[in-house]
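Colleague: Got a structure for you, questions after.
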Amino acid sequence: MASRIRDYYEVLGVPRTASQKEIKAAFRKLARKHHPDVNPDDPGSADQFKQINEAHEVLGDPEKRKKYDQLGPNWEHYEAWEAAGRPAGAPFGGGRVEYRTVSPEDLEDLFGSDSPFSGFFHDLYGQSSGGRQARDFGVGTFPGQDVETETTLTLAEAYRGTARTVELQTPQGSRRVEVQVPPGIRDGARVRVAGQGTAGKDGGRPGDLFVRVHLRPHPTFRREGDDLFLRVAVPLDVALLGGEVMVPTLKGSGVSLTVPPETQNGTRLRLRGLGMPRLRSEGHGDLYAEVDVRLPIPLTPEAQELARKLRHKEVHHGA
């Protein structure tokens with residue numbers, strides 16, 4: 001649980017005169033920076049993230065912000081006291097009311113429709129790992145259950161983006177849902193489709209559908225993050241003297257790769273911008289061609305003679 005913050009403006013790094021737009025921009029920037037899954041080696045990031053979230057819950061709501069400005073950090077106790085009919089006792093005593101701002105909808109707004117995180121966010125604000133569903137803040141309403149399913153894509157489909165139709169079995173019956181998978185999706189990531197889970201109760205919002213994506217291994221390309229790797233056959237004469245070879249890409253057409261003279265076997269040559277699309281930013285990763293020097297088999301008499309001369313020179317030089 002996030003610790004009580006004395007100054008929400010300080011948490012978000014904005015002045016007390018900040019506009020709602022400035023507050024939202026500061027929150028988005030800090031949420032991206034301090035999310036626990038972005039900082040797996042920082043044990044304090046979860047608490048810091050919750051503090052940022054709590055500050056935005058108050059300052060991002062004009063009514064709550066007004067009460068906070070008037071009453072200070074104990075404003076919510078006064079609100080709870082008012083809601084209870086002003087019972088005896090000071091409004092600033094007793095337990096605190098905890099507010100949680102960022103829903104799965106906000107997560108999509110911050111990071112795109114593909115949730116890149118391990119489940120921290122969904123467990124905190126939606127369905128927990130034990131299957132419990134958080135209650136809506138509306139009085140007497142309960143949200144529907146989230147539903148998760150899986151689909152498998154080729155690397156080429158992940159490169160282009162694609163659509164998948166999944167069939168769901170819910171208490172309301174069987175139905176099909178088309179899911180748009182964005183370009184650059186990674187293996188194991190989830191795509192969220194809002195409102196496609198089970199129906200809510202007593203007017204509660206419906207749950208969401210989460211589709212976990214698995215990628216098939218590619219026979220040519222190996223993916224690491226947004227970068228792609230492949231081995232490229234390079235003739236011996238090109239490796240020795242330099243030249244060009246054609247390299248396949250996931251764009252569907254090959255490109256010419258310049259091989260410098262005296263390139264060793266196993267050398268990696270980079271082709272900028274020919275990797276996977278970057279899911280949450282502009283541009284693409286890079287394509288790395290790993291040089292696989294090929295001998296001219298069978299050797300011609302001329303090649304054999306050159307090899308003998310080279311051997312003689314090496315032996316002579318070594319002596």
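In the structure tokens, chains take the letters A, B, ... in the order shown, each chain's residues start at 1, and ligands count up from 1 in the order shown.
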What lies within 8 Å of segment 56-59 of chain A using only C-alpha atoms, ignoring chain neighbours under 3 positions off, as a VMD selection string?

Modeller: chain A and resid 8 to 9 12 20 23 to 24 27 52 to 53 62 64 to 65 68 99 to 101

Colleague: Determine, counting only C-alpha atoms, which protein, DNA and RNA residues have an atom within 10 Å of an atom of His214 of chain A; residues of the same chain fewer than 3 positions away are not included. Present the result as a list in words.

Modeller: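 Neighbouring residues, sequence-local ones excluded: Glu150, Thr151, Thr152, Leu153, Thr154, Leu155, Ala158, Ile185, Arg186, Asp187, Gly188, Ala189, Arg190, Val211 and Pro217 of chain A.
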
Colleague: Please indicate the distance in Å from atom CA of Val238 of chain A to atom CA of Ser253 of chain A, rounded to one decimal place.

Modeller: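 That distance, rounded to one decimal, is 22.0 Å.
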
Colleague: Here is a test: counting only C-alpha atoms, which residue of A:Asp208, A:Asp237, A:Asp226, A:Asp61 is nearest to Val177 of chain A?

Modeller: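 The shortest atom-to-atom distance to Val177 of chain A comes from A:Asp208.
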
Colleague: List as a Markdown table every residue of segment 175-248 of chain A that is in contact with segment 289-292 of chain A, defined as an atom at most 12 Å from one of its atoms (using only C-alpha atoms), together with the nearest atom pair and the distance in Å rounded to one decimal, sorted by chain and then rising number.

Modeller:
| residue | atom | partner | partner_atom | distance |
| --- | --- | --- | --- | --- |
| A:Thr220 | CA | A:Ala289 | CA | 11.0 |
| A:Phe221 | CA | A:Ala289 | CA | 9.8 |
| A:Arg222 | CA | A:Ala289 | CA | 10.7 |
| A:Asp227 | CA | A:Ala289 | CA | 11.0 |
| A:Leu228 | CA | A:Ala289 | CA | 8.6 |
| A:Phe229 | CA | A:Ala289 | CA | 6.0 |
| A:Leu230 | CA | A:Ala289 | CA | 5.3 |
| A:Arg231 | CA | A:Glu290 | CA | 4.6 |
| A:Val232 | CA | A:Val291 | CA | 5.3 |
| A:Ala233 | CA | A:Asp292 | CA | 4.7 |
| A:Val234 | CA | A:Asp292 | CA | 5.7 |
| A:Pro235 | CA | A:Asp292 | CA | 8.4 |
| A:Leu236 | CA | A:Asp292 | CA | 9.4 |
| A:Val238 | CA | A:Val291 | CA | 10.8 |
| A:Ala239 | CA | A:Val291 | CA | 8.6 |
| A:Glu244 | CA | A:Val291 | CA | 11.9 |
| A:Val245 | CA | A:Val291 | CA | 10.3 |
| A:Met246 | CA | A:Ala289 | CA | 10.5 |
| A:Val247 | CA | A:Ala289 | CA | 7.8 |
| A:Pro248 | CA | A:Ala289 | CA | 9.8 |

Colleague: What would the file look like if the residues just selected were written as a PDB file, in the first residue's frame with C-alpha atoms?

Modeller:
ATOM      1  CA  THR A 220      15.708 -17.469 -40.939  1.00  0.00           C
ATOM      2  CA  PHE A 221      15.420 -14.651 -38.404  1.00  0.00           C
ATOM      3  CA  ARG A 222      16.142 -14.604 -34.689  1.00  0.00           C
ATOM      4  CA  ASP A 227      16.356  -6.265 -33.384  1.00  0.00           C
ATOM      5  CA  LEU A 228      16.570  -9.157 -35.844  1.00  0.00           C
ATOM      6  CA  PHE A 229      19.541 -11.421 -36.561  1.00  0.00           C
ATOM      7  CA  LEU A 230      20.265 -13.800 -39.434  1.00  0.00           C
ATOM      8  CA  ARG A 231      23.232 -15.599 -40.967  1.00  0.00           C
ATOM      9  CA  VAL A 232      24.192 -14.486 -44.468  1.00  0.00           C
ATOM     10  CA  ALA A 233      26.262 -16.611 -46.812  1.00  0.00           C
ATOM     11  CA  VAL A 234      29.228 -14.578 -48.132  1.00  0.00           C
ATOM     12  CA  PRO A 235      31.513 -16.011 -50.839  1.00  0.00           C
ATOM     13  CA  LEU A 236      35.194 -16.198 -49.908  1.00  0.00           C
ATOM     14  CA  VAL A 238      33.709 -11.144 -51.299  1.00  0.00           C
ATOM     15  CA  ALA A 239      34.898 -11.618 -47.721  1.00  0.00           C
ATOM     16  CA  GLU A 244      27.844  -6.871 -51.943  1.00  0.00           C
ATOM     17  CA  VAL A 245      25.425  -9.691 -51.126  1.00  0.00           C
ATOM     18  CA  MET A 246      21.620  -9.747 -50.973  1.00  0.00           C
ATOM     19  CA  VAL A 247      19.948 -10.071 -47.569  1.00  0.00           C
ATOM     20  CA  PRO A 248      16.262 -11.066 -47.048  1.00  0.00           C
TER      21      PRO A 248
END

Colleague: Report the distance between atom CA of Arg280 of chain A and atom CA of Leu168 of chain A in Å, rounded to one decimal place.

Modeller: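 Between these atoms lies a distance of 28.1 Å.
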
Colleague: Would you list the contacts of Glu178 of chain A as a list in words, taking every protein, DNA or RNA residue within 7 Å and counting only C-alpha atoms, but skipping same-chain residues closer than 4 positions in sequence?

Modeller: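 Listed by chain and then number, they are Ala163, Arg164, Thr165 and Val166 of chain A.
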
Colleague: Can I get the selected residues back with N, CA and C atoms, as a PDB file, in the first residue's frame?

Modeller:
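Once written, out31.pdb looks like this:
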ATOM      1  N   ALA A 163      -4.934  -9.338 -37.615  1.00  0.00           N
ATOM      2  CA  ALA A 163      -6.183  -9.502 -36.867  1.00  0.00           C
ATOM      3  C   ALA A 163      -6.387 -10.977 -36.584  1.00  0.00           C
ATOM      4  N   ARG A 164      -6.925 -11.271 -35.426  1.00  0.00           N
ATOM      5  CA  ARG A 164      -7.248 -12.637 -35.048  1.00  0.00           C
ATOM      6  C   ARG A 164      -8.675 -12.679 -34.510  1.00  0.00           C
ATOM      7  N   THR A 165      -9.410 -13.691 -34.905  1.00  0.00           N
ATOM      8  CA  THR A 165     -10.740 -13.911 -34.357  1.00  0.00           C
ATOM      9  C   THR A 165     -10.658 -15.033 -33.328  1.00  0.00           C
ATOM     10  N   VAL A 166     -11.045 -14.723 -32.102  1.00  0.00           N
ATOM     11  CA  VAL A 166     -11.008 -15.723 -31.029  1.00  0.00           C
ATOM     12  C   VAL A 166     -12.434 -16.043 -30.605  1.00  0.00           C
TER      13      VAL A 166
END

Colleague: How many Å lie between atom CA of Asp42 of chain A and atom CA of Val11 of chain A, rounded to one decimal?

Modeller: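 Atom CA of Asp42 of chain A sits 18.1 Å away from atom CA of Val11 of chain A.
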